[in-house]
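Enquirer: Take a look at work_33.csv, CSV, C-alpha atoms and all ligand atoms:
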```
chain,number,residue,atom,x,y,z
A,1,MET,CA,0.0,0.0,0.0
A,2,LEU,CA,3.1,2.2,0.2
A,3,GLY,CA,3.3,2.6,-3.6
A,4,PRO,CA,0.3,5.1,-4.0
A,5,VAL,CA,1.6,7.2,-1.0
A,6,ILE,CA,5.0,7.4,-2.6
A,7,LEU,CA,3.5,8.3,-6.0
A,8,ALA,CA,1.4,11.1,-4.4
A,9,ALA,CA,4.7,12.4,-2.8
A,10,SER,CA,6.3,12.3,-6.2
A,11,ARG,CA,4.1,15.3,-7.2
A,12,SER,CA,4.7,17.2,-3.9
A,13,ASP,CA,7.0,20.3,-4.1
A,14,ARG,CA,7.6,20.1,-0.3
A,15,MET,CA,8.8,16.5,-0.5
A,16,ARG,CA,10.8,17.3,-3.6
A,17,ARG,CA,12.7,20.0,-1.7
A,18,LEU,CA,13.2,17.8,1.3
A,19,VAL,CA,14.4,14.7,-0.5
A,20,SER,CA,16.5,16.5,-3.1
A,21,ALA,CA,18.3,18.6,-0.5
A,22,ALA,CA,19.2,15.7,1.8
A,23,PRO,CA,23.0,15.0,1.3
A,24,VAL,CA,22.4,11.3,1.9
A,25,THR,CA,20.1,10.9,-1.1
A,26,ARG,CA,22.6,11.1,-3.9
A,27,PRO,CA,24.3,7.8,-3.4
A,28,VAL,CA,21.0,6.0,-3.4
A,29,VAL,CA,19.8,7.9,-6.4
A,30,ASP,CA,23.0,6.8,-8.3
A,31,ARG,CA,21.6,3.3,-8.5
A,32,PHE,CA,18.9,4.5,-10.9
A,33,ILE,CA,20.3,7.7,-12.2
A,34,PRO,CA,24.0,7.3,-12.7
A,35,GLY,CA,25.1,10.8,-13.4
A,36,GLU,CA,24.0,14.5,-13.5
A,37,SER,CA,25.9,15.7,-16.6
A,38,VAL,CA,26.7,14.5,-20.1
A,39,ASP,CA,30.4,14.1,-19.0
A,40,GLN,CA,29.4,11.8,-16.3
A,41,ILE,CA,27.1,9.7,-18.5
A,42,VAL,CA,29.4,9.1,-21.5
A,43,PRO,CA,31.5,6.5,-19.7
A,44,ILE,CA,28.3,4.7,-18.7
A,45,ILE,CA,27.1,4.7,-22.3
A,46,GLN,CA,30.5,3.3,-23.4
A,47,ASP,CA,30.5,0.6,-20.7
A,48,LEU,CA,26.9,-0.6,-21.5
A,49,THR,CA,27.3,-0.6,-25.3
A,50,ALA,CA,30.7,-2.5,-24.9
A,51,LYS,CA,28.7,-5.2,-23.1
A,52,GLY,CA,26.4,-5.6,-26.1
A,53,LEU,CA,23.5,-3.6,-24.6
A,54,GLU,CA,21.6,-0.9,-26.4
A,55,LEU,CA,20.4,2.3,-24.8
A,56,THR,CA,17.6,4.7,-24.6
A,57,MET,CA,18.7,7.9,-23.0
A,58,ASP,CA,16.5,10.1,-20.7
A,59,VAL,CA,17.5,13.5,-19.5
A,60,VAL,CA,15.5,13.6,-16.4
A,61,GLY,CA,12.9,16.3,-15.8
A,62,GLU,CA,9.2,16.9,-16.1
A,63,ASP,CA,6.4,19.3,-15.0
A,64,ILE,CA,8.4,22.4,-15.9
A,65,THR,CA,6.7,25.7,-15.3
A,66,THR,CA,8.2,28.2,-17.9
A,67,PRO,CA,8.9,28.2,-21.6
A,68,GLU,CA,12.6,28.9,-20.8
A,69,GLN,CA,12.8,25.6,-18.9
A,70,ALA,CA,11.3,23.8,-21.9
A,71,ALA,CA,13.9,25.3,-24.2
A,72,ALA,CA,16.6,24.3,-21.8
A,73,ALA,CA,15.3,20.7,-21.8
A,74,ARG,CA,15.4,20.7,-25.6
A,75,ASP,CA,19.0,22.1,-25.5
A,76,ALA,CA,20.0,19.4,-23.0
A,77,TYR,CA,18.9,16.7,-25.5
A,78,LEU,CA,20.7,18.5,-28.3
A,79,GLU,CA,23.9,18.5,-26.2
A,80,LEU,CA,23.5,14.8,-25.6
A,81,ILE,CA,23.0,14.1,-29.3
A,82,GLY,CA,26.1,16.1,-30.1
A,83,ARG,CA,28.1,13.7,-27.8
A,84,LEU,CA,26.4,10.6,-29.2
A,85,ALA,CA,27.4,11.7,-32.7
A,86,GLU,CA,31.1,11.5,-31.6
A,87,LEU,CA,30.5,7.9,-30.2
A,88,ASP,CA,28.8,6.9,-33.6
A,89,LEU,CA,26.4,4.4,-32.0
A,90,GLY,CA,23.5,4.8,-34.5
A,91,THR,CA,20.3,3.2,-33.2
A,92,ARG,CA,22.2,1.5,-30.4
A,93,ALA,CA,21.6,4.7,-28.4
A,94,GLU,CA,18.2,6.4,-28.9
A,95,MET,CA,16.5,9.0,-26.8
A,96,SER,CA,13.4,8.9,-24.6
A,97,VAL,CA,11.6,12.2,-23.9
A,98,LYS,CA,8.8,13.3,-21.6
A,99,LEU,CA,6.7,16.0,-23.4
A,100,SER,CA,5.9,17.6,-20.0
A,101,MET,CA,9.5,18.6,-19.9
A,102,PHE,CA,9.1,20.2,-23.3
A,103,GLY,CA,6.3,22.5,-22.1
A,104,GLN,CA,3.2,20.3,-22.8
A,105,ALA,CA,1.4,21.5,-19.6
A,106,LEU,CA,2.0,25.3,-20.2
A,107,GLU,CA,-0.4,27.6,-22.0
A,108,GLY,CA,-0.4,26.6,-25.7
A,109,GLY,CA,1.6,23.6,-24.5
A,110,HIS,CA,0.7,21.1,-27.2
A,111,GLU,CA,2.2,23.4,-29.9
A,112,LEU,CA,5.1,24.3,-27.6
A,113,ALA,CA,6.0,20.7,-26.9
A,114,LEU,CA,5.9,19.8,-30.6
A,115,ALA,CA,8.0,22.8,-31.5
A,116,ASN,CA,10.6,21.8,-28.8
A,117,VAL,CA,10.7,18.1,-29.5
A,118,ARG,CA,10.9,18.4,-33.3
A,119,PRO,CA,14.5,19.7,-33.4
A,120,VAL,CA,15.5,16.8,-31.1
A,121,VAL,CA,13.9,14.3,-33.4
A,122,GLU,CA,15.6,15.9,-36.4
A,123,ALA,CA,19.0,15.9,-34.7
A,124,ALA,CA,18.6,12.3,-33.7
A,125,ALA,CA,17.7,11.3,-37.3
A,126,ALA,CA,20.8,13.2,-38.5
A,127,ILE,CA,23.0,10.9,-36.5
A,128,GLY,CA,21.1,7.8,-37.5
A,129,THR,CA,19.0,7.3,-34.4
A,130,THR,CA,15.5,8.0,-33.1
A,131,VAL,CA,13.3,9.2,-30.3
A,132,THR,CA,10.6,7.5,-28.2
A,133,LEU,CA,7.9,9.6,-26.5
A,134,ASP,CA,7.4,8.4,-23.0
A,135,ALA,CA,3.8,8.1,-21.6
A,136,GLU,CA,3.0,10.3,-18.6
A,137,ASP,CA,-0.3,10.5,-16.7
A,138,HIS,CA,-3.5,9.8,-18.7
A,139,THR,CA,-4.5,13.4,-19.1
A,140,THR,CA,-1.5,14.0,-21.3
A,141,LEU,CA,-1.9,11.1,-23.7
A,142,ASP,CA,-4.2,12.5,-26.5
A,143,SER,CA,-1.7,15.3,-27.0
A,144,MET,CA,1.3,12.8,-26.9
A,145,PHE,CA,-0.3,10.5,-29.5
A,146,ALA,CA,-1.1,13.5,-31.7
A,147,ILE,CA,2.5,14.7,-31.5
A,148,HIS,CA,3.7,11.2,-32.2
A,149,GLU,CA,1.5,11.0,-35.4
A,150,GLU,CA,2.7,14.4,-36.5
A,151,LEU,CA,6.4,13.6,-36.0
A,152,ARG,CA,6.0,10.2,-37.8
A,153,LYS,CA,5.0,12.0,-41.0
A,154,ASP,CA,8.6,13.1,-41.4
A,155,PHE,CA,10.3,10.6,-39.0
A,156,PRO,CA,8.4,7.3,-39.2
A,157,GLU,CA,10.8,5.7,-36.7
A,158,THR,CA,9.6,7.9,-33.9
A,159,GLY,CA,8.3,5.6,-31.1
A,160,CYS,CA,5.8,6.0,-28.3
A,161,VAL,CA,4.9,4.3,-25.1
A,162,ILE,CA,1.6,2.7,-24.1
A,163,GLN,CA,0.6,1.7,-20.5
A,164,ALA,CA,-1.1,-1.6,-19.9
A,165,TYR,CA,-2.9,-0.3,-16.8
A,166,LEU,CA,-5.1,2.1,-18.8
A,167,PHE,CA,-8.5,0.9,-20.2
A,168,ARG,CA,-7.8,2.9,-23.4
A,169,THR,CA,-4.6,1.0,-24.2
A,170,GLU,CA,-6.0,-2.0,-26.2
A,171,ALA,CA,-7.6,0.5,-28.6
A,172,ASP,CA,-4.4,2.5,-28.8
A,173,ALA,CA,-2.4,-0.7,-29.4
A,174,ARG,CA,-4.6,-1.8,-32.3
A,175,ARG,CA,-4.2,1.6,-34.0
A,176,LEU,CA,-0.4,1.7,-33.5
A,177,ALA,CA,0.1,-2.0,-34.5
A,178,ALA,CA,-1.7,-1.3,-37.7
A,179,ASN,CA,0.4,1.6,-38.8
A,180,GLY,CA,3.8,0.1,-38.4
A,181,SER,CA,4.8,2.1,-35.3
A,182,ARG,CA,7.6,1.4,-32.8
A,183,VAL,CA,5.8,0.9,-29.6
A,184,ARG,CA,7.1,0.4,-26.1
A,185,LEU,CA,4.6,-1.4,-23.8
A,186,VAL,CA,4.9,-0.8,-20.1
A,187,LYS,CA,2.7,-1.6,-17.1
A,188,GLY,CA,2.4,2.1,-16.2
A,189,ALA,CA,4.0,4.1,-13.4
A,190,TYR,CA,1.6,7.0,-12.5
A,191,LYS,CA,-1.1,7.4,-9.8
A,192,GLU,CA,-4.3,6.9,-11.9
A,193,PRO,CA,-8.0,6.8,-10.8
A,194,ALA,CA,-10.1,3.7,-11.0
A,195,GLU,CA,-12.2,5.3,-13.7
A,196,VAL,CA,-9.4,5.0,-16.2
A,197,ALA,CA,-7.1,2.3,-15.1
A,198,TYR,CA,-6.8,-1.2,-13.6
A,199,LEU,CA,-5.3,-0.8,-10.1
A,200,GLN,CA,-4.5,-4.4,-9.1
A,201,LYS,CA,-1.4,-6.2,-10.3
A,202,PRO,CA,-3.2,-9.4,-11.6
A,203,GLU,CA,-5.5,-7.3,-13.8
A,204,ILE,CA,-2.6,-5.1,-15.0
A,205,ASP,CA,-0.6,-8.2,-15.9
A,206,LYS,CA,-3.5,-9.8,-17.8
A,207,ALA,CA,-4.0,-6.5,-19.7
A,208,TYR,CA,-0.3,-6.4,-20.5
A,209,VAL,CA,-0.5,-9.9,-22.1
A,210,ARG,CA,-3.6,-8.9,-24.2
A,211,VAL,CA,-1.9,-5.8,-25.5
A,212,LEU,CA,1.4,-7.6,-26.1
A,213,ARG,CA,-0.5,-10.1,-28.3
A,214,ILE,CA,-1.9,-7.2,-30.4
A,215,LEU,CA,1.5,-5.7,-30.8
A,216,MET,CA,3.2,-9.0,-31.7
A,217,GLU,CA,0.5,-9.9,-34.3
A,218,GLY,CA,0.6,-6.4,-35.8
A,219,ASP,CA,2.9,-4.7,-38.3
A,220,GLY,CA,4.8,-2.5,-35.9
A,221,TYR,CA,8.0,-3.0,-33.8
A,222,PRO,CA,7.2,-4.1,-30.2
A,223,MET,CA,9.5,-2.9,-27.4
A,224,ILE,CA,8.7,-4.9,-24.3
A,225,GLY,CA,9.4,-2.5,-21.3
A,226,SER,CA,9.3,-4.8,-18.3
A,227,HIS,CA,11.4,-6.5,-15.7
A,228,ASP,CA,8.7,-9.1,-15.0
A,229,PRO,CA,10.2,-12.6,-15.7
A,230,ARG,CA,6.8,-14.1,-16.5
A,231,LEU,CA,6.0,-11.4,-19.0
A,232,ILE,CA,9.4,-11.7,-20.6
A,233,SER,CA,8.8,-15.5,-21.2
A,234,ILE,CA,5.3,-14.8,-22.5
A,235,ALA,CA,6.7,-12.2,-24.9
A,236,GLN,CA,9.2,-14.7,-26.3
A,237,GLU,CA,6.5,-17.2,-26.8
A,238,LEU,CA,4.1,-14.7,-28.4
A,239,GLY,CA,6.9,-13.5,-30.7
A,240,ARG,CA,7.5,-17.1,-31.8
A,241,ARG,CA,3.8,-17.8,-32.4
A,242,ALA,CA,3.5,-14.6,-34.4
A,243,GLY,CA,6.4,-15.7,-36.6
A,244,ARG,CA,8.7,-12.9,-35.5
A,245,LYS,CA,12.5,-13.3,-35.8
A,246,ILE,CA,14.4,-12.5,-32.6
A,247,ASP,CA,15.4,-9.1,-33.9
A,248,GLU,CA,11.8,-8.1,-34.9
A,249,TYR,CA,11.1,-7.0,-31.3
A,250,GLU,CA,13.2,-5.9,-28.4
A,251,PHE,CA,13.3,-5.9,-24.6
A,252,GLN,CA,13.8,-2.8,-22.6
A,253,MET,CA,14.6,-2.4,-18.9
A,254,LEU,CA,15.6,0.4,-16.6
A,255,TYR,CA,19.2,1.1,-15.6
A,256,GLY,CA,19.9,-0.4,-12.1
A,257,ILE,CA,17.0,-2.9,-12.2
A,258,ARG,CA,17.7,-6.6,-12.8
A,259,SER,CA,21.0,-5.8,-14.5
A,260,ASP,CA,21.9,-9.6,-14.8
A,261,GLU,CA,18.8,-10.1,-16.8
A,262,HIS,CA,19.9,-7.4,-19.2
A,263,LEU,CA,23.1,-9.4,-19.9
A,264,ARG,CA,21.3,-12.7,-20.0
A,265,LEU,CA,18.8,-11.6,-22.7
A,266,ALA,CA,21.5,-9.9,-24.7
A,267,ALA,CA,23.6,-13.1,-24.6
A,268,GLU,CA,20.6,-15.1,-25.9
A,269,GLY,CA,20.8,-12.8,-29.0
A,270,HIS,CA,17.9,-10.5,-28.1
A,271,ARG,CA,18.1,-6.8,-28.6
A,272,MET,CA,18.2,-5.5,-25.0
A,273,ARG,CA,17.9,-1.7,-24.5
A,274,VAL,CA,18.6,-0.1,-21.2
A,275,TYR,CA,16.7,3.0,-20.3
A,276,THR,CA,19.4,5.2,-18.8
A,277,ALA,CA,18.4,8.4,-17.1
A,278,TYR,CA,20.7,11.2,-16.0
A,279,GLY,CA,20.5,14.9,-15.0
A,280,THR,CA,19.8,17.0,-12.0
A,281,ASP,CA,16.0,17.0,-11.9
A,282,TRP,CA,15.8,13.4,-10.9
A,283,TYR,CA,13.1,13.6,-8.1
A,284,GLY,CA,10.0,12.4,-10.0
A,285,TYR,CA,11.9,9.6,-11.8
A,286,PHE,CA,13.5,8.5,-8.5
A,287,MET,CA,10.2,8.5,-6.6
A,288,ARG,CA,8.5,6.3,-9.2
A,289,ARG,CA,11.3,3.8,-8.9
A,290,LEU,CA,10.7,3.7,-5.1
A,291,ALA,CA,6.9,3.3,-5.6
A,292,GLU,CA,7.4,0.3,-7.9
A,293,LYS,CA,9.2,-1.6,-5.3
A,294,PRO,CA,8.6,-0.2,-1.8
A,295,ALA,CA,11.5,-2.4,-0.6
A,296,ASN,CA,13.7,0.3,-2.3
A,297,LEU,CA,12.4,2.6,0.4
A,298,LEU,CA,13.9,0.4,3.1
A,299,PHE,CA,17.2,0.5,1.2
A,300,PHE,CA,16.9,4.3,1.1
A,301,ALA,CA,16.0,4.5,4.8
A,302,ARG,CA,18.8,2.2,5.8
A,303,SER,CA,21.4,4.3,4.0
A,304,VAL,CA,20.1,7.4,5.7
A,305,LEU,CA,20.2,5.7,9.2
A,306,THR,CA,23.7,4.2,8.7
A,307,ARG,CA,25.3,7.6,7.9
A,401,LIG,P1,6.8,-5.3,-11.8
A,401,LIG,O1,6.6,-4.0,-11.2
A,401,LIG,O2,5.9,-6.4,-11.5
A,401,LIG,O3,8.3,-5.8,-11.5
A,401,LIG,C1,8.8,-7.1,-11.8
A,401,LIG,C2,10.1,-7.3,-11.0
A,401,LIG,O4,11.1,-6.3,-11.5
A,401,LIG,C3,10.0,-7.0,-9.6
A,401,LIG,O5,9.5,-8.1,-8.8
A,401,LIG,C4,11.3,-6.6,-9.2
A,401,LIG,O6,12.2,-7.7,-9.0
A,401,LIG,C5,11.8,-5.8,-10.4
A,401,LIG,N1,11.5,-4.4,-10.3
A,401,LIG,C6,10.6,-3.7,-10.9
A,401,LIG,N2,10.6,-2.3,-10.6
A,401,LIG,C7,11.6,-2.2,-9.7
A,401,LIG,C8,12.2,-1.1,-9.0
A,401,LIG,N3,11.8,0.1,-9.2
A,401,LIG,N4,13.3,-1.4,-8.2
A,401,LIG,C9,13.8,-2.6,-8.1
A,401,LIG,N5,13.3,-3.7,-8.7
A,401,LIG,C10,12.2,-3.5,-9.5
A,401,LIG,N6,6.1,3.9,-17.2
A,401,LIG,C11,5.3,4.9,-17.6
A,401,LIG,O7,4.2,5.1,-17.1
A,401,LIG,N7,5.6,5.6,-18.8
A,401,LIG,C12,6.8,5.3,-19.4
A,401,LIG,O8,7.1,6.0,-20.5
A,401,LIG,C13,7.6,4.3,-19.0
A,401,LIG,N8,8.8,4.0,-19.6
A,401,LIG,C14,9.5,2.9,-19.2
A,401,LIG,C15,10.6,2.4,-20.0
A,401,LIG,C16,11.2,1.2,-19.7
A,401,LIG,C17,12.3,0.7,-20.5
A,401,LIG,C18,10.7,0.4,-18.6
A,401,LIG,C19,11.3,-0.9,-18.2
A,401,LIG,C20,9.7,0.9,-17.8
A,401,LIG,C21,9.1,2.1,-18.1
A,401,LIG,N9,8.0,2.6,-17.3
A,401,LIG,C22,7.2,3.6,-17.8
A,401,LIG,C23,7.8,2.0,-15.9
A,401,LIG,C24,6.7,0.9,-16.0
A,401,LIG,O9,5.5,1.4,-16.2
A,401,LIG,C25,6.7,0.1,-14.6
A,401,LIG,O10,6.4,1.0,-13.6
A,401,LIG,C26,8.0,-0.6,-14.3
A,401,LIG,O11,8.6,-1.1,-15.4
A,401,LIG,C27,7.8,-1.7,-13.3
A,401,LIG,O12,7.0,-2.7,-13.9
A,401,LIG,P2,7.5,-4.1,-14.3
A,401,LIG,O13,6.9,-4.4,-15.7
A,401,LIG,O14,9.0,-4.2,-14.3
A,401,LIG,O15,6.9,-5.2,-13.4
```
How does the structure come out when it is put into structure tokens?
Expert:
Amino acid sequence: MLGPVILAASRSDRMRRLVSAAPVTRPVVDRFIPGESVDQIVPIIQDLTAKGLELTMDVVGEDITTPEQAAAARDAYLELIGRLAELDLGTRAEMSVKLSMFGQALEGGHELALANVRPVVEAAAAIGTTVTLDAEDHTTLDSMFAIHEELRKDFPETGCVIQAYLFRTEADARRLAANGSRVRLVKGAYKEPAEVAYLQKPEIDKAYVRVLRILMEGDGYPMIGSHDPRLISIAQELGRRAGRKIDEYEFQMLYGIRSDEHLRLAAEGHRMRVYTAYGTDWYGYFMRRLAEKPANLLFFARSVLTR
């Protein structure tokens, strides 16, 4: 029952100030967000790709409040893409972006977010890679899907994320699977009301499998974003039944979570992409990782107490 409480705290400014300022927090944060700057993250990128893993890079941040912050977010991604160009990794390192960080929630936010994300998608394409639009809370998704569709007119490789816990997702999956899109399927990490989402794990897991089947049987490129061993086996089986080759879908996991499994799947010949977040505005991302596994909170508390 701690998960929803932590998720509510992830949107609290007071908690943000408290947790972010505590000097003990940073070493714990490192497990999930292994750097605050491009210079700190480049060695991590080199290390993971040398191990045969692929990456999707996230500059952490969300819920910004001014157009200047949105422009700064765009520039942070452009700086990252400049460094990726030097590493010449192509699609082995793509980008994940949250449109709320690009101004989606501000006045005129839909157009602002599109205007800020387009140069990032263009710059990614120029170095032979692509961008995936993360899914945030359910109120943002119509705008996210519209931006995804708009970007795909010029950059068809642009991906998006769908969340199994939402009732709407089966319909979204059918549409996206029919138009050849790259789609990452995740369980969903936000605090959603019972009117729009399944709230219990067994129901969410069943929905995940239903949506996965739609994606595997469709024309698109499924990206299975989960650490759940049962769902990973089911994905392999559904991929086989749908006649997909091993490189016609991929697995994705978060940096710092089940790292042995990243290597095991890559060694089996799967494309395994690690979602690697970095930056200074890590609070929301960090709190969602705590909410997914409240045992992480004990780890956090223990490291505070033992200092
Ligand atoms: P589940 O939560 O059942 O976990 C399965 C097992 O994985 C656990 O038993 C545990 O061993 C391990 N595990 C999972 N989370 C852990 C954690 N935080 N710490 C330690 N161990 C953990 N969500 C969203 O709403 N929008 C998005 O755009 C994205 N993007 C995204 C990208 C990628 C690549 C991944 C893997 C996930 C996301 N998510 C997301 C998050 C997603 O919605 C979900 O909250 C987490 O992936 C946890 O769900 P699992 O499928 O891993 O299953």
Enquirer: Considering all atoms listed in the file, can you say which of A:Arg92, A:Arg210, A:Arg168, A:Arg288 comes closest to Glu250 of chain A?
Expert: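 Going through A:Arg92, A:Arg210, A:Arg168, A:Arg288 one by one, the smallest distance to Glu250 of chain A is for A:Arg92.
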Enquirer: What gap, in Å, lies between atom CA of Gly90 of chain A and atom CA of Gly128 of chain A?
Expert: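 Interatomic distance here is 4.9 Å.
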Enquirer: Please compute the atom CA of Arg83 of chain A-atom CA of Phe145 of chain A distance, one decimal, in Å.
Expert: 28.6 Å
Enquirer: Using all atoms listed in the file, can you tell me which of A:Leu199, A:Ala135, A:Ala207, A:Val97 comes closest to ligand LIG 401 (chain A)?
Expert: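 Among the listed residues, A:Ala135 lies closest to ligand LIG 401 (chain A).
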Enquirer: Got a sec: who's within 12 Å of Val19 of chain A, counting only C-alpha atoms, leaving out chain neighbours fewer than 4 positions off, as a ChimeraX atom specification?
Expert: /A:9-10,12-15,23-26,28-29,281-284,286-287,300-301,304
Enquirer: Calculate how many Å separate atom CA of Val196 of chain A from atom CA of Pro222 of chain A, rounding to one decimal.
Expert: 23.5 Å
Enquirer: In the coordinates of the file, take the point (22.0, 13.9, -36.6) and a cut-off of 12 Å; then, counting only C-alpha atoms, name each qualifying protein, DNA or RNA residue as a PDB file with C-alpha atoms, in the coordinates of the input.
Expert:
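Below you can see part.pdb, which holds the result:
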```
ATOM      1  CA  TYR A  77      18.900  16.700 -25.500  1.00  0.00           C
ATOM      2  CA  LEU A  78      20.700  18.500 -28.300  1.00  0.00           C
ATOM      3  CA  GLU A  79      23.900  18.500 -26.200  1.00  0.00           C
ATOM      4  CA  LEU A  80      23.500  14.800 -25.600  1.00  0.00           C
ATOM      5  CA  ILE A  81      23.000  14.100 -29.300  1.00  0.00           C
ATOM      6  CA  GLY A  82      26.100  16.100 -30.100  1.00  0.00           C
ATOM      7  CA  ARG A  83      28.100  13.700 -27.800  1.00  0.00           C
ATOM      8  CA  LEU A  84      26.400  10.600 -29.200  1.00  0.00           C
ATOM      9  CA  ALA A  85      27.400  11.700 -32.700  1.00  0.00           C
ATOM     10  CA  GLU A  86      31.100  11.500 -31.600  1.00  0.00           C
ATOM     11  CA  ASP A  88      28.800   6.900 -33.600  1.00  0.00           C
ATOM     12  CA  LEU A  89      26.400   4.400 -32.000  1.00  0.00           C
ATOM     13  CA  GLY A  90      23.500   4.800 -34.500  1.00  0.00           C
ATOM     14  CA  THR A  91      20.300   3.200 -33.200  1.00  0.00           C
ATOM     15  CA  GLU A  94      18.200   6.400 -28.900  1.00  0.00           C
ATOM     16  CA  PRO A 119      14.500  19.700 -33.400  1.00  0.00           C
ATOM     17  CA  VAL A 120      15.500  16.800 -31.100  1.00  0.00           C
ATOM     18  CA  VAL A 121      13.900  14.300 -33.400  1.00  0.00           C
ATOM     19  CA  GLU A 122      15.600  15.900 -36.400  1.00  0.00           C
ATOM     20  CA  ALA A 123      19.000  15.900 -34.700  1.00  0.00           C
ATOM     21  CA  ALA A 124      18.600  12.300 -33.700  1.00  0.00           C
ATOM     22  CA  ALA A 125      17.700  11.300 -37.300  1.00  0.00           C
ATOM     23  CA  ALA A 126      20.800  13.200 -38.500  1.00  0.00           C
ATOM     24  CA  ILE A 127      23.000  10.900 -36.500  1.00  0.00           C
ATOM     25  CA  GLY A 128      21.100   7.800 -37.500  1.00  0.00           C
ATOM     26  CA  THR A 129      19.000   7.300 -34.400  1.00  0.00           C
ATOM     27  CA  THR A 130      15.500   8.000 -33.100  1.00  0.00           C
ATOM     28  CA  VAL A 131      13.300   9.200 -30.300  1.00  0.00           C
TER      29      VAL A 131
END
```
Enquirer: Please check which protein, DNA or RNA residues sit within 9 Å of ligand LIG 401 (chain A), counting only C-alpha atoms and all ligand atoms, and write them as a PDB file with C-alpha atoms, in the coordinates of the input.
Expert:
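Output saved as selection-v8.pdb:
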```pdb
ATOM      1  CA  PHE A  32      18.900   4.500 -10.900  1.00  0.00           C
ATOM      2  CA  THR A  56      17.600   4.700 -24.600  1.00  0.00           C
ATOM      3  CA  SER A  96      13.400   8.900 -24.600  1.00  0.00           C
ATOM      4  CA  VAL A  97      11.600  12.200 -23.900  1.00  0.00           C
ATOM      5  CA  LYS A  98       8.800  13.300 -21.600  1.00  0.00           C
ATOM      6  CA  THR A 132      10.600   7.500 -28.200  1.00  0.00           C
ATOM      7  CA  LEU A 133       7.900   9.600 -26.500  1.00  0.00           C
ATOM      8  CA  ASP A 134       7.400   8.400 -23.000  1.00  0.00           C
ATOM      9  CA  ALA A 135       3.800   8.100 -21.600  1.00  0.00           C
ATOM     10  CA  GLU A 136       3.000  10.300 -18.600  1.00  0.00           C
ATOM     11  CA  ASP A 137      -0.300  10.500 -16.700  1.00  0.00           C
ATOM     12  CA  CYS A 160       5.800   6.000 -28.300  1.00  0.00           C
ATOM     13  CA  VAL A 161       4.900   4.300 -25.100  1.00  0.00           C
ATOM     14  CA  ILE A 162       1.600   2.700 -24.100  1.00  0.00           C
ATOM     15  CA  GLN A 163       0.600   1.700 -20.500  1.00  0.00           C
ATOM     16  CA  ALA A 164      -1.100  -1.600 -19.900  1.00  0.00           C
ATOM     17  CA  TYR A 165      -2.900  -0.300 -16.800  1.00  0.00           C
ATOM     18  CA  ARG A 184       7.100   0.400 -26.100  1.00  0.00           C
ATOM     19  CA  LEU A 185       4.600  -1.400 -23.800  1.00  0.00           C
ATOM     20  CA  VAL A 186       4.900  -0.800 -20.100  1.00  0.00           C
ATOM     21  CA  LYS A 187       2.700  -1.600 -17.100  1.00  0.00           C
ATOM     22  CA  GLY A 188       2.400   2.100 -16.200  1.00  0.00           C
ATOM     23  CA  ALA A 189       4.000   4.100 -13.400  1.00  0.00           C
ATOM     24  CA  TYR A 190       1.600   7.000 -12.500  1.00  0.00           C
ATOM     25  CA  LYS A 201      -1.400  -6.200 -10.300  1.00  0.00           C
ATOM     26  CA  ASP A 205      -0.600  -8.200 -15.900  1.00  0.00           C
ATOM     27  CA  TYR A 208      -0.300  -6.400 -20.500  1.00  0.00           C
ATOM     28  CA  MET A 223       9.500  -2.900 -27.400  1.00  0.00           C
ATOM     29  CA  ILE A 224       8.700  -4.900 -24.300  1.00  0.00           C
ATOM     30  CA  GLY A 225       9.400  -2.500 -21.300  1.00  0.00           C
ATOM     31  CA  SER A 226       9.300  -4.800 -18.300  1.00  0.00           C
ATOM     32  CA  HIS A 227      11.400  -6.500 -15.700  1.00  0.00           C
ATOM     33  CA  ASP A 228       8.700  -9.100 -15.000  1.00  0.00           C
ATOM     34  CA  PRO A 229      10.200 -12.600 -15.700  1.00  0.00           C
ATOM     35  CA  ARG A 230       6.800 -14.100 -16.500  1.00  0.00           C
ATOM     36  CA  LEU A 231       6.000 -11.400 -19.000  1.00  0.00           C
ATOM     37  CA  PHE A 251      13.300  -5.900 -24.600  1.00  0.00           C
ATOM     38  CA  GLN A 252      13.800  -2.800 -22.600  1.00  0.00           C
ATOM     39  CA  MET A 253      14.600  -2.400 -18.900  1.00  0.00           C
ATOM     40  CA  LEU A 254      15.600   0.400 -16.600  1.00  0.00           C
ATOM     41  CA  TYR A 255      19.200   1.100 -15.600  1.00  0.00           C
ATOM     42  CA  GLY A 256      19.900  -0.400 -12.100  1.00  0.00           C
ATOM     43  CA  ILE A 257      17.000  -2.900 -12.200  1.00  0.00           C
ATOM     44  CA  ARG A 258      17.700  -6.600 -12.800  1.00  0.00           C
ATOM     45  CA  ARG A 273      17.900  -1.700 -24.500  1.00  0.00           C
ATOM     46  CA  VAL A 274      18.600  -0.100 -21.200  1.00  0.00           C
ATOM     47  CA  TYR A 275      16.700   3.000 -20.300  1.00  0.00           C
ATOM     48  CA  THR A 276      19.400   5.200 -18.800  1.00  0.00           C
ATOM     49  CA  PHE A 286      13.500   8.500  -8.500  1.00  0.00           C
ATOM     50  CA  MET A 287      10.200   8.500  -6.600  1.00  0.00           C
ATOM     51  CA  ARG A 288       8.500   6.300  -9.200  1.00  0.00           C
ATOM     52  CA  ARG A 289      11.300   3.800  -8.900  1.00  0.00           C
ATOM     53  CA  LEU A 290      10.700   3.700  -5.100  1.00  0.00           C
ATOM     54  CA  ALA A 291       6.900   3.300  -5.600  1.00  0.00           C
ATOM     55  CA  GLU A 292       7.400   0.300  -7.900  1.00  0.00           C
ATOM     56  CA  LYS A 293       9.200  -1.600  -5.300  1.00  0.00           C
ATOM     57  CA  PRO A 294       8.600  -0.200  -1.800  1.00  0.00           C
ATOM     58  CA  ALA A 295      11.500  -2.400  -0.600  1.00  0.00           C
ATOM     59  CA  ASN A 296      13.700   0.300  -2.300  1.00  0.00           C
TER      60      ASN A 296
END
```
